[in-house]
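J.: See coords-v9.cif below, with mmCIF, C-alpha atoms and all ligand atoms.
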data_data
#
loop_
_atom_site.label_atom_id
_atom_site.label_comp_id
_atom_site.auth_asym_id
_atom_site.auth_seq_id
_atom_site.Cartn_x
_atom_site.Cartn_y
_atom_site.Cartn_z
CA MET A 6 168.67 -81.61 3.68
CA ARG A 7 169.41 -78.15 2.34
CA THR A 8 169.95 -75.38 4.81
CA ARG A 9 169.03 -72.63 2.34
CA PRO A 10 165.97 -72.75 0.09
CA ILE A 11 165.64 -73.21 -3.66
CA ILE A 12 162.82 -71.07 -5.06
CA THR A 13 161.53 -71.38 -8.63
CA ILE A 14 159.53 -68.81 -10.59
CA ASP A 15 158.15 -69.72 -14.00
CA GLY A 16 155.77 -68.01 -16.37
CA PRO A 17 155.37 -66.46 -19.81
CA SER A 18 157.26 -63.50 -21.21
CA GLY A 19 156.37 -60.22 -19.47
CA SER A 20 154.68 -61.85 -16.48
CA GLY A 21 157.11 -60.01 -14.19
CA LYS A 22 159.46 -62.87 -13.36
CA THR A 23 162.73 -60.99 -13.69
CA THR A 24 161.72 -57.89 -11.73
CA VAL A 25 160.00 -59.94 -9.05
CA SER A 26 162.88 -62.42 -8.73
CA ARG A 27 165.35 -59.60 -8.30
CA ARG A 28 163.26 -57.98 -5.56
CA LEU A 29 162.61 -61.32 -3.87
CA ALA A 30 166.32 -62.13 -3.96
CA GLU A 31 167.07 -58.84 -2.22
CA ARG A 32 164.36 -59.29 0.39
CA ALA A 33 165.20 -62.89 1.25
CA SER A 34 168.99 -62.63 0.75
CA LEU A 35 169.06 -65.12 -2.10
CA THR A 36 171.03 -65.24 -5.34
CA MET A 37 169.03 -64.80 -8.51
CA LEU A 38 169.54 -67.09 -11.48
CA ASP A 39 167.94 -65.81 -14.68
CA THR A 40 167.74 -68.97 -16.80
CA GLY A 41 166.26 -67.09 -19.77
CA ALA A 42 169.52 -65.14 -19.98
CA MET A 43 171.30 -68.45 -20.56
CA TYR A 44 169.13 -69.30 -23.58
CA ARG A 45 169.59 -65.74 -24.81
CA ALA A 46 173.38 -66.05 -24.48
CA CYS A 47 173.20 -69.30 -26.43
CA ALA A 48 171.27 -67.59 -29.26
CA LEU A 49 173.78 -64.73 -29.32
CA ALA A 50 176.81 -67.03 -29.30
CA ALA A 51 175.29 -69.09 -32.13
CA GLN A 52 174.60 -66.00 -34.20
CA ARG A 53 178.19 -64.86 -33.77
CA ALA A 54 179.54 -68.32 -34.63
CA GLY A 55 177.30 -68.62 -37.71
CA ILE A 56 175.40 -71.61 -36.27
CA PRO A 57 171.73 -71.59 -37.34
CA TRP A 58 169.21 -71.47 -34.47
CA SER A 59 167.58 -74.52 -36.06
CA ASP A 60 170.63 -76.79 -35.77
CA GLY A 61 170.07 -78.56 -32.43
CA ALA A 62 173.08 -80.88 -32.67
CA ARG A 63 175.62 -78.11 -33.32
CA LEU A 64 173.97 -75.81 -30.79
CA GLY A 65 174.12 -78.54 -28.15
CA ARG A 66 177.85 -79.03 -28.71
CA MET A 67 178.40 -75.27 -28.60
CA CYS A 68 176.38 -74.90 -25.36
CA ALA A 69 178.34 -77.63 -23.60
CA GLU A 70 181.49 -75.54 -24.14
CA LEU A 71 179.98 -72.10 -23.60
CA ASP A 72 182.03 -69.93 -21.24
CA LEU A 73 179.02 -68.40 -19.53
CA ALA A 74 179.28 -66.67 -16.16
CA PHE A 75 176.93 -64.79 -13.87
CA SER A 76 177.91 -62.43 -11.13
CA GLY A 77 175.69 -60.55 -8.77
CA GLY A 78 176.95 -57.00 -8.55
CA GLY A 79 176.65 -55.14 -5.27
CA SER A 80 173.63 -54.52 -3.12
CA ASP A 81 171.20 -54.00 -5.99
CA PHE A 82 171.75 -57.56 -7.22
CA ASP A 83 172.43 -56.20 -10.66
CA LEU A 84 173.26 -59.43 -12.42
CA ARG A 85 176.09 -59.44 -14.94
CA VAL A 86 176.07 -62.04 -17.69
CA THR A 87 179.36 -62.64 -19.44
CA LEU A 88 180.22 -64.71 -22.47
CA SER A 89 183.92 -65.53 -22.67
CA GLY A 90 184.53 -62.62 -20.30
CA GLU A 91 182.52 -60.08 -22.34
CA ASP A 92 179.54 -58.40 -20.65
CA VAL A 93 176.60 -59.30 -22.92
CA GLY A 94 173.85 -57.91 -20.65
CA GLU A 95 172.56 -55.54 -23.33
CA ALA A 96 173.33 -57.60 -26.43
CA ILE A 97 171.06 -60.43 -25.25
CA ARG A 98 168.06 -58.14 -24.66
CA THR A 99 167.25 -57.18 -28.25
CA PRO A 100 163.94 -58.32 -29.81
CA GLY A 101 165.91 -60.38 -32.37
CA ILE A 102 167.74 -62.32 -29.66
CA SER A 103 164.43 -62.76 -27.77
CA LEU A 104 163.08 -64.72 -30.70
CA GLY A 105 166.41 -66.51 -31.15
CA ALA A 106 166.35 -67.62 -27.49
CA SER A 107 162.88 -69.01 -27.99
CA GLU A 108 164.08 -70.89 -31.10
CA VAL A 109 167.24 -72.39 -29.61
CA SER A 110 165.37 -73.41 -26.47
CA VAL A 111 163.23 -75.94 -28.36
CA HIS A 112 166.21 -78.27 -28.85
CA LYS A 113 166.72 -81.17 -26.46
CA GLN A 114 170.51 -80.90 -26.72
CA VAL A 115 170.44 -77.21 -25.76
CA ARG A 116 168.06 -77.81 -22.85
CA GLU A 117 170.18 -80.65 -21.48
CA ALA A 118 173.30 -78.48 -21.45
CA MET A 119 171.49 -75.56 -19.81
CA VAL A 120 169.62 -77.62 -17.21
CA ASN A 121 172.91 -79.28 -16.24
CA LEU A 122 174.51 -75.93 -15.62
CA GLN A 123 171.46 -74.61 -13.75
CA ARG A 124 171.50 -77.59 -11.38
CA ILE A 125 175.21 -77.13 -10.69
CA LEU A 126 174.71 -73.43 -9.97
CA GLY A 127 171.61 -73.91 -7.81
CA GLU A 128 172.01 -77.18 -5.94
CA GLY A 129 173.66 -75.57 -2.89
CA GLY A 130 170.44 -73.60 -2.21
CA GLY A 131 169.97 -69.94 -1.38
CA VAL A 132 168.76 -69.26 -4.92
CA VAL A 133 165.79 -67.96 -6.88
CA LEU A 134 165.65 -69.45 -10.37
CA GLU A 135 163.38 -67.88 -12.92
CA GLY A 136 162.41 -69.20 -16.33
CA ARG A 137 159.97 -71.57 -17.99
CA ASP A 138 160.86 -75.00 -16.58
CA THR A 139 162.69 -74.28 -13.34
CA GLY A 140 159.92 -75.80 -11.20
CA THR A 141 158.90 -78.58 -13.59
CA VAL A 142 162.30 -79.86 -14.77
CA VAL A 143 165.31 -78.16 -13.18
CA PHE A 144 164.29 -78.36 -9.49
CA PRO A 145 160.93 -80.15 -9.15
CA ASP A 146 161.77 -80.60 -5.44
CA ALA A 147 162.26 -76.86 -4.84
CA ASP A 148 161.21 -75.50 -1.44
CA ALA A 149 158.72 -73.06 -2.98
CA LYS A 150 157.48 -72.86 -6.58
CA PHE A 151 155.60 -70.03 -8.24
CA PHE A 152 153.90 -69.49 -11.57
CA LEU A 153 153.44 -65.87 -12.60
CA ASP A 154 151.00 -64.81 -15.29
CA ALA A 155 149.27 -61.68 -16.61
CA VAL A 156 146.96 -60.87 -19.51
CA ALA A 157 148.83 -60.69 -22.84
CA ALA A 158 148.26 -56.98 -23.49
CA VAL A 159 149.77 -56.07 -20.12
CA ARG A 160 152.74 -58.38 -20.68
CA ALA A 161 153.35 -56.81 -24.10
CA ARG A 162 153.09 -53.32 -22.62
CA ARG A 163 155.76 -54.18 -20.03
CA ARG A 164 158.07 -55.43 -22.81
CA TYR A 165 157.33 -52.33 -24.90
CA LEU A 166 158.22 -49.98 -22.06
CA GLU A 167 161.42 -51.92 -21.30
CA TRP A 168 163.13 -50.88 -24.52
CA VAL A 169 164.88 -47.64 -23.87
CA THR A 170 167.48 -47.87 -26.61
CA GLY A 171 167.49 -48.62 -30.33
CA GLU A 172 164.88 -50.60 -32.15
CA ARG A 173 161.60 -49.65 -30.50
CA LYS A 174 158.70 -51.24 -32.36
CA PRO A 175 155.02 -50.36 -32.56
CA PHE A 176 153.03 -51.81 -29.67
CA GLU A 177 150.96 -54.03 -32.00
CA GLU A 178 154.13 -55.69 -33.23
CA VAL A 179 155.40 -56.27 -29.68
CA LEU A 180 152.05 -57.84 -28.78
CA ARG A 181 152.25 -60.11 -31.84
CA GLU A 182 155.75 -61.21 -30.84
CA VAL A 183 154.70 -61.89 -27.25
CA LEU A 184 151.81 -64.05 -28.50
CA GLN A 185 154.14 -65.82 -30.95
CA ARG A 186 156.61 -66.61 -28.16
CA ASP A 187 153.75 -67.82 -25.93
CA ILE A 188 152.77 -70.35 -28.57
CA GLN A 189 156.37 -71.37 -29.28
CA ASP A 190 157.26 -71.76 -25.57
CA SER A 191 154.12 -73.62 -24.54
CA THR A 192 153.70 -75.98 -27.51
CA ARG A 193 157.27 -77.22 -27.93
CA ASP A 194 157.94 -80.93 -27.34
CA ASN A 195 160.79 -80.45 -24.87
CA SER A 196 159.88 -78.96 -21.49
CA PRO A 197 156.97 -76.79 -22.64
CA LEU A 198 155.95 -73.93 -20.37
CA ARG A 199 153.43 -75.22 -17.86
CA MET A 200 152.71 -74.78 -14.20
CA ALA A 201 154.69 -77.10 -11.91
CA GLN A 202 152.86 -79.43 -9.57
CA GLY A 203 152.47 -77.70 -6.23
CA ALA A 204 153.28 -74.25 -7.64
CA VAL A 205 151.49 -71.15 -6.36
CA TYR A 206 149.76 -69.28 -9.21
CA ILE A 207 149.92 -65.48 -9.09
CA ASP A 208 148.22 -63.24 -11.64
CA THR A 209 150.34 -60.07 -11.71
CA THR A 210 148.07 -58.09 -14.09
CA THR A 211 147.00 -55.58 -11.44
CA LEU A 212 149.59 -56.18 -8.72
CA SER A 213 152.68 -54.11 -7.93
CA VAL A 214 156.08 -55.80 -7.66
CA ASP A 215 155.99 -55.46 -3.87
CA GLU A 216 152.51 -56.96 -3.64
CA VAL A 217 153.68 -60.01 -5.61
CA VAL A 218 156.80 -60.36 -3.45
CA GLU A 219 154.76 -60.09 -0.22
CA ARG A 220 152.53 -62.94 -1.38
CA MET A 221 155.56 -65.03 -2.23
CA LEU A 222 157.29 -64.48 1.09
CA ARG A 223 154.32 -66.11 2.85
CA HIS A 224 155.10 -69.35 1.03
CA ILE A 225 158.86 -69.39 1.48
CA PRO A 226 160.32 -71.29 4.44
CA GLY A 227 161.59 -68.55 6.78
CA GLY A 228 160.57 -65.93 4.18
CA ALA A 229 158.00 -64.06 6.26
CA LYS A 230 160.57 -63.62 9.03
CA LYS A 231 162.94 -61.85 6.65
CA ALA A 232 160.27 -59.51 5.33
CA THR A 233 160.66 -55.94 6.47
CA PRO A 234 157.50 -54.63 8.17
CA THR A 235 155.35 -52.46 5.91
O1 LIG A 301 162.61 -65.21 -19.82
P1 LIG A 301 163.22 -64.77 -21.14
O2 LIG A 301 162.30 -63.94 -21.98
O3 LIG A 301 164.54 -64.09 -20.95
O4 LIG A 301 163.50 -66.14 -21.95
C1 LIG A 301 164.00 -66.16 -23.26
C2 LIG A 301 163.58 -67.45 -23.96
O5 LIG A 301 164.26 -68.56 -23.38
C3 LIG A 301 162.09 -67.79 -23.87
O6 LIG A 301 161.42 -67.50 -25.08
C4 LIG A 301 162.03 -69.27 -23.62
C5 LIG A 301 163.41 -69.67 -23.26
N1 LIG A 301 163.51 -70.20 -21.90
C6 LIG A 301 163.29 -71.54 -21.71
O7 LIG A 301 162.96 -72.24 -22.66
N2 LIG A 301 163.46 -72.11 -20.49
C7 LIG A 301 163.80 -71.35 -19.44
N3 LIG A 301 163.97 -71.92 -18.24
C8 LIG A 301 164.00 -69.95 -19.60
C9 LIG A 301 163.83 -69.40 -20.85
#
Written as structure tokens, how would this file's structure read?
T.:
Amino acid sequence: MRTRPIITIDGPSGSGKTTVSRRLAERASLTMLDTGAMYRACALAAQRAGIPWSDGARLGRMCAELDLAFSGGGSDFDLRVTLSGEDVGEAIRTPGISLGASEVSVHKQVREAMVNLQRILGEGGGVVLEGRDTGTVVFPDADAKFFLDAVAAVRARRRYLEWVTGERKPFEEVLREVLQRDIQDSTRDNSPLRMAQGAVYIDTTTLSVDEVVERMLRHIPGGAKKATPT
């Protein structure tokens, strides 16, 4: 039996997973594991190595050797993602790498390598994993599972507002990309995005981050106790 819980949060792009996971991790003293960042790092490493995002076999071999590290920085749980020691936090957040991550994540070989690593990092408990398959594939026996969702226009607006530097695109284009990723992520053969059995569904369209986190804490073993009174 684990002494500390494993929590999974899945859902489509822009549903609020990353922001909510970070806040939940702070509130419940858990470590956050952003699994999307791992697929993004894979897409970036492939681009740098000249490996096409369509080449599953080569990508799988590359992922198995990827020197990928996460470190939670300080009290704000500001997660650092490093690739061979280099901080790639910003480089993996461009719209181009977003699409690349979605493309590399369709390959079985890539998913196997990533899921392996996620299980190693999370099996001790005390973690919040967020992604697309963390409750269905990575830890189907998690202590609490959530599926976050929101209407597409709101999800696209969140993505649009996120970009503070560089290549800001028109909103219509961001919405198109969000819809394209939805289709790609939910129709792929390997671990398509779907709600895990026993997951709690939360529509975040009109909820604040704190409202979502409060709802979650009610479902987490010992979670309500750790919540600060509001
Ligand atoms: O959550 P995100 O936008 O950072 O994820 C980037 C891409 O990675 C997303 O399009 C799908 C993929 N992904 C996945 O297939 N499985 C996960 N557990 C997390 C992300």
J.: List the neighbours of segment 177-183 of chain A out to 7 Å using only C-alpha atoms; skip same-chain residues closer than 4 positions along the sequence, and give me the result as a list in words.
T.: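 Near neighbours after the sequence-gap exclusion: Ser18, Ala158, Ala161, Tyr165 and Asp187 of chain A.
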J.: Enumerate as JSON, numbers by chain the residues within 8 Å of ligand LIG 301 (chain A), counting only C-alpha atoms and all ligand atoms.
T.: {"A": [15, 17, 18, 19, 22, 23, 39, 40, 41, 42, 43, 44, 45, 98, 103, 104, 105, 106, 107, 108, 109, 110, 111, 116, 135, 136, 137, 138, 139, 186, 187, 189, 190, 196, 197, 198]}
J.: Taking all atoms listed in the file into account, which of A:Leu153, A:Leu184, A:Ala54, A:Ile97 comes nearest Val214 of chain A?
T.: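 Ranking A:Leu153, A:Leu184, A:Ala54, A:Ile97 by distance to Val214 of chain A, first place goes to A:Leu153.
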J.: If I take atom CA of Arg124 of chain A and atom CA of Leu38 of chain A, how far is one from the other in Å, to one decimal?
T.: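 Between atom CA of Arg124 of chain A and atom CA of Leu38 of chain A the gap is 10.7 Å.
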J.: If you count only C-alpha atoms, which residues fall within 10 Å of Thr8 of chain A, apart from same-chain ones fewer than 6 positions away, as a PDB file with C-alpha atoms, in the frame of the given file?
T.:
ATOM      1  CA  GLY A 129     173.660 -75.570  -2.890  1.00  0.00           C
ATOM      2  CA  GLY A 130     170.440 -73.600  -2.210  1.00  0.00           C
ATOM      3  CA  GLY A 131     169.970 -69.940  -1.380  1.00  0.00           C
TER       4      GLY A 131
END
J.: Between A:Pro10, A:Gly65, A:Pro175, A:Pro100, which is the closest to Leu134 of chain A once you count only C-alpha atoms?
T.: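 Using only C-alpha atoms, the shortest distance to Leu134 of chain A belongs to A:Pro10.
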J.: Show me a table, sorted first by chain and then by increasing residue number, of the residues of segment 16-131 of chain A having an atom at most 10 Å from segment 140-147 of chain A, each with its shortest atom pair and the distance in Å to one decimal, counting all atoms listed in the file and written as CSV.
T.:
residue,atom,partner,partner_atom,distance
A:Glu117,CA,A:Val143,CA,9.9
A:Met119,CA,A:Val143,CA,9.4
A:Val120,CA,A:Val143,CA,5.9
A:Asn121,CA,A:Val143,CA,8.3
A:Leu122,CA,A:Val143,CA,9.8
A:Gln123,CA,A:Val143,CA,7.1
A:Arg124,CA,A:Val143,CA,6.5
A:Gly127,CA,A:Phe144,CA,8.7
A:Glu128,CA,A:Phe144,CA,8.6
A:Gly130,CA,A:Ala147,CA,9.2
J.: Enter the distance from atom CA of Leu64 of chain A to atom CA of Met200 of chain A, in Å, rounded to one decimal.
T.: 27.0 Å
J.: To one decimal place, how far is atom CA of Phe151 of chain A from atom CA of Val205 of chain A in Å?
T.: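 Answer for the atom CA of Phe151 of chain A to atom CA of Val205 of chain A separation: 4.7 Å.
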J.: Do a neighbour search on Asp72 of chain A at 9 Å with all atoms listed in the file, toss out local chain neighbours closer than 6 positions, and write the hits as a ChimeraX atom specification.
T.: /A:87-90
J.: Find the residue from A:Val93, A:Leu166, A:Ile188, A:Val156 that sits nearest to Ile207 of chain A; use all atoms listed in the file when measuring.
T.: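 Among A:Val93, A:Leu166, A:Ile188, A:Val156, it is A:Val156 that comes nearest to Ile207 of chain A.
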J.: For Ala30 of chain A, find every residue with an atom within 8 Å (counting all atoms listed in the file), except residues of its own chain fewer than 5 positions away, and show them as a ChimeraX atom specification.
T.: /A:35-37,82,132-133
J.: Using all atoms listed in the file, find the one residue out of A:Thr99, A:Thr13, A:Gln52, A:Ser34 that sits nearest to Glu167 of chain A.
T.: A:Thr99
J.: Nearest to Leu73 of chain A among A:Asp92, A:Asp215, A:Asp60, A:Asp208, with distances taken over all atoms listed in the file: which residue is it?
T.: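 Of A:Asp92, A:Asp215, A:Asp60, A:Asp208, the one nearest Leu73 of chain A, counting all atoms listed in the file, is A:Asp92.
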J.: Provide an axis-aligned box for all listed atoms of segment 34-42 of chain A, padding each side by 6 Å; report its centre and its edge lengths in Å to one decimal, as lines of an AutoDock Vina configuration file.
T.:
center_x = 168.6
center_y = -65.8
center_z = -9.6
size_x = 16.8
size_y = 18.3
size_z = 32.7
J.: Output: segment 55-79 of chain A of the preceding structure, restricted to N, CA, C and O atoms, written as an mmCIF file, in the first residue's frame.
T.:
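Result file follows (selection00.cif):
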data_model
loop_
_atom_site.group_PDB
_atom_site.id
_atom_site.type_symbol
_atom_site.label_atom_id
_atom_site.label_comp_id
_atom_site.auth_asym_id
_atom_site.auth_seq_id
_atom_site.Cartn_x
_atom_site.Cartn_y
_atom_site.Cartn_z
ATOM 1 N N GLY A 55 17.378 16.208 -36.179
ATOM 2 C CA GLY A 55 17.010 15.962 -37.578
ATOM 3 C C GLY A 55 16.221 14.670 -37.768
ATOM 4 O O GLY A 55 16.213 14.097 -38.855
ATOM 5 N N ILE A 56 15.538 14.216 -36.708
ATOM 6 C CA ILE A 56 14.704 13.009 -36.830
ATOM 7 C C ILE A 56 13.265 13.448 -37.110
ATOM 8 O O ILE A 56 12.694 14.229 -36.344
ATOM 9 N N PRO A 57 12.680 12.982 -38.224
ATOM 10 C CA PRO A 57 11.306 13.415 -38.538
ATOM 11 C C PRO A 57 10.316 12.955 -37.470
ATOM 12 O O PRO A 57 10.453 11.858 -36.928
ATOM 13 N N TRP A 58 9.318 13.794 -37.182
ATOM 14 C CA TRP A 58 8.306 13.467 -36.168
ATOM 15 C C TRP A 58 7.462 12.252 -36.588
ATOM 16 O O TRP A 58 6.705 11.715 -35.794
ATOM 17 N N SER A 59 7.603 11.851 -37.849
ATOM 18 C CA SER A 59 6.815 10.709 -38.338
ATOM 19 C C SER A 59 7.544 9.372 -38.165
ATOM 20 O O SER A 59 6.959 8.320 -38.379
ATOM 21 N N ASP A 60 8.822 9.421 -37.773
ATOM 22 C CA ASP A 60 9.624 8.189 -37.734
ATOM 23 C C ASP A 60 9.594 7.555 -36.333
ATOM 24 O O ASP A 60 10.497 7.758 -35.510
ATOM 25 N N GLY A 61 8.551 6.760 -36.082
ATOM 26 C CA GLY A 61 8.333 6.179 -34.757
ATOM 27 C C GLY A 61 9.508 5.364 -34.245
ATOM 28 O O GLY A 61 9.870 5.450 -33.072
ATOM 29 N N ALA A 62 10.117 4.553 -35.120
ATOM 30 C CA ALA A 62 11.197 3.665 -34.678
ATOM 31 C C ALA A 62 12.404 4.470 -34.193
ATOM 32 O O ALA A 62 12.935 4.227 -33.096
ATOM 33 N N ARG A 63 12.812 5.451 -34.991
ATOM 34 C CA ARG A 63 13.971 6.268 -34.575
ATOM 35 C C ARG A 63 13.636 7.113 -33.352
ATOM 36 O O ARG A 63 14.465 7.290 -32.443
ATOM 37 N N LEU A 64 12.423 7.628 -33.313
ATOM 38 C CA LEU A 64 12.016 8.453 -32.159
ATOM 39 C C LEU A 64 12.025 7.619 -30.874
ATOM 40 O O LEU A 64 12.475 8.075 -29.830
ATOM 41 N N GLY A 65 11.548 6.386 -30.992
ATOM 42 C CA GLY A 65 11.502 5.495 -29.828
ATOM 43 C C GLY A 65 12.900 5.251 -29.285
ATOM 44 O O GLY A 65 13.127 5.311 -28.069
ATOM 45 N N ARG A 66 13.849 5.002 -30.190
ATOM 46 C CA ARG A 66 15.241 4.768 -29.755
ATOM 47 C C ARG A 66 15.800 6.030 -29.113
ATOM 48 O O ARG A 66 16.474 5.982 -28.082
ATOM 49 N N MET A 67 15.482 7.178 -29.714
ATOM 50 C CA MET A 67 15.980 8.445 -29.163
ATOM 51 C C MET A 67 15.395 8.692 -27.763
ATOM 52 O O MET A 67 16.121 9.077 -26.845
ATOM 53 N N CYS A 68 14.084 8.427 -27.612
ATOM 54 C CA CYS A 68 13.416 8.684 -26.321
ATOM 55 C C CYS A 68 13.983 7.814 -25.210
ATOM 56 O O CYS A 68 14.101 8.266 -24.063
ATOM 57 N N ALA A 69 14.322 6.575 -25.551
ATOM 58 C CA ALA A 69 14.839 5.662 -24.527
ATOM 59 C C ALA A 69 16.157 6.184 -23.960
ATOM 60 O O ALA A 69 16.546 5.832 -22.848
ATOM 61 N N GLU A 70 16.847 7.025 -24.721
ATOM 62 C CA GLU A 70 18.152 7.540 -24.267
ATOM 63 C C GLU A 70 18.105 9.011 -23.869
ATOM 64 O O GLU A 70 19.141 9.603 -23.575
ATOM 65 N N LEU A 71 16.919 9.580 -23.903
ATOM 66 C CA LEU A 71 16.784 11.018 -23.654
ATOM 67 C C LEU A 71 17.197 11.368 -22.226
ATOM 68 O O LEU A 71 16.751 10.726 -21.281
ATOM 69 N N ASP A 72 18.045 12.375 -22.080
ATOM 70 C CA ASP A 72 18.476 12.802 -20.751
ATOM 71 C C ASP A 72 17.531 13.917 -20.285
ATOM 72 O O ASP A 72 17.827 15.101 -20.398
ATOM 73 N N LEU A 73 16.363 13.482 -19.807
ATOM 74 C CA LEU A 73 15.296 14.406 -19.472
ATOM 75 C C LEU A 73 15.163 14.483 -17.950
ATOM 76 O O LEU A 73 15.125 13.462 -17.285
ATOM 77 N N ALA A 74 15.141 15.686 -17.408
ATOM 78 C CA ALA A 74 15.022 15.798 -15.951
ATOM 79 C C ALA A 74 14.020 16.881 -15.575
ATOM 80 O O ALA A 74 13.846 17.869 -16.289
ATOM 81 N N PHE A 75 13.338 16.657 -14.465
ATOM 82 C CA PHE A 75 12.396 17.639 -13.935
ATOM 83 C C PHE A 75 12.868 18.038 -12.559
ATOM 84 O O PHE A 75 13.345 17.203 -11.800
ATOM 85 N N SER A 76 12.731 19.301 -12.228
ATOM 86 C CA SER A 76 12.992 19.660 -10.840
ATOM 87 C C SER A 76 12.001 20.722 -10.422
ATOM 88 O O SER A 76 11.724 21.658 -11.168
ATOM 89 N N GLY A 77 11.428 20.510 -9.262
ATOM 90 C CA GLY A 77 10.485 21.484 -8.734
ATOM 91 C C GLY A 77 11.297 22.577 -8.077
ATOM 92 O O GLY A 77 12.147 22.297 -7.234
ATOM 93 N N GLY A 78 11.065 23.820 -8.471
ATOM 94 C CA GLY A 78 11.888 24.894 -7.925
ATOM 95 C C GLY A 78 11.150 25.681 -6.862
ATOM 96 O O GLY A 78 10.162 26.330 -7.151
ATOM 97 N N GLY A 79 11.584 25.597 -5.652
ATOM 98 C CA GLY A 79 11.094 26.475 -4.586
ATOM 99 C C GLY A 79 9.629 26.288 -4.248
ATOM 100 O O GLY A 79 8.975 25.330 -4.646
#
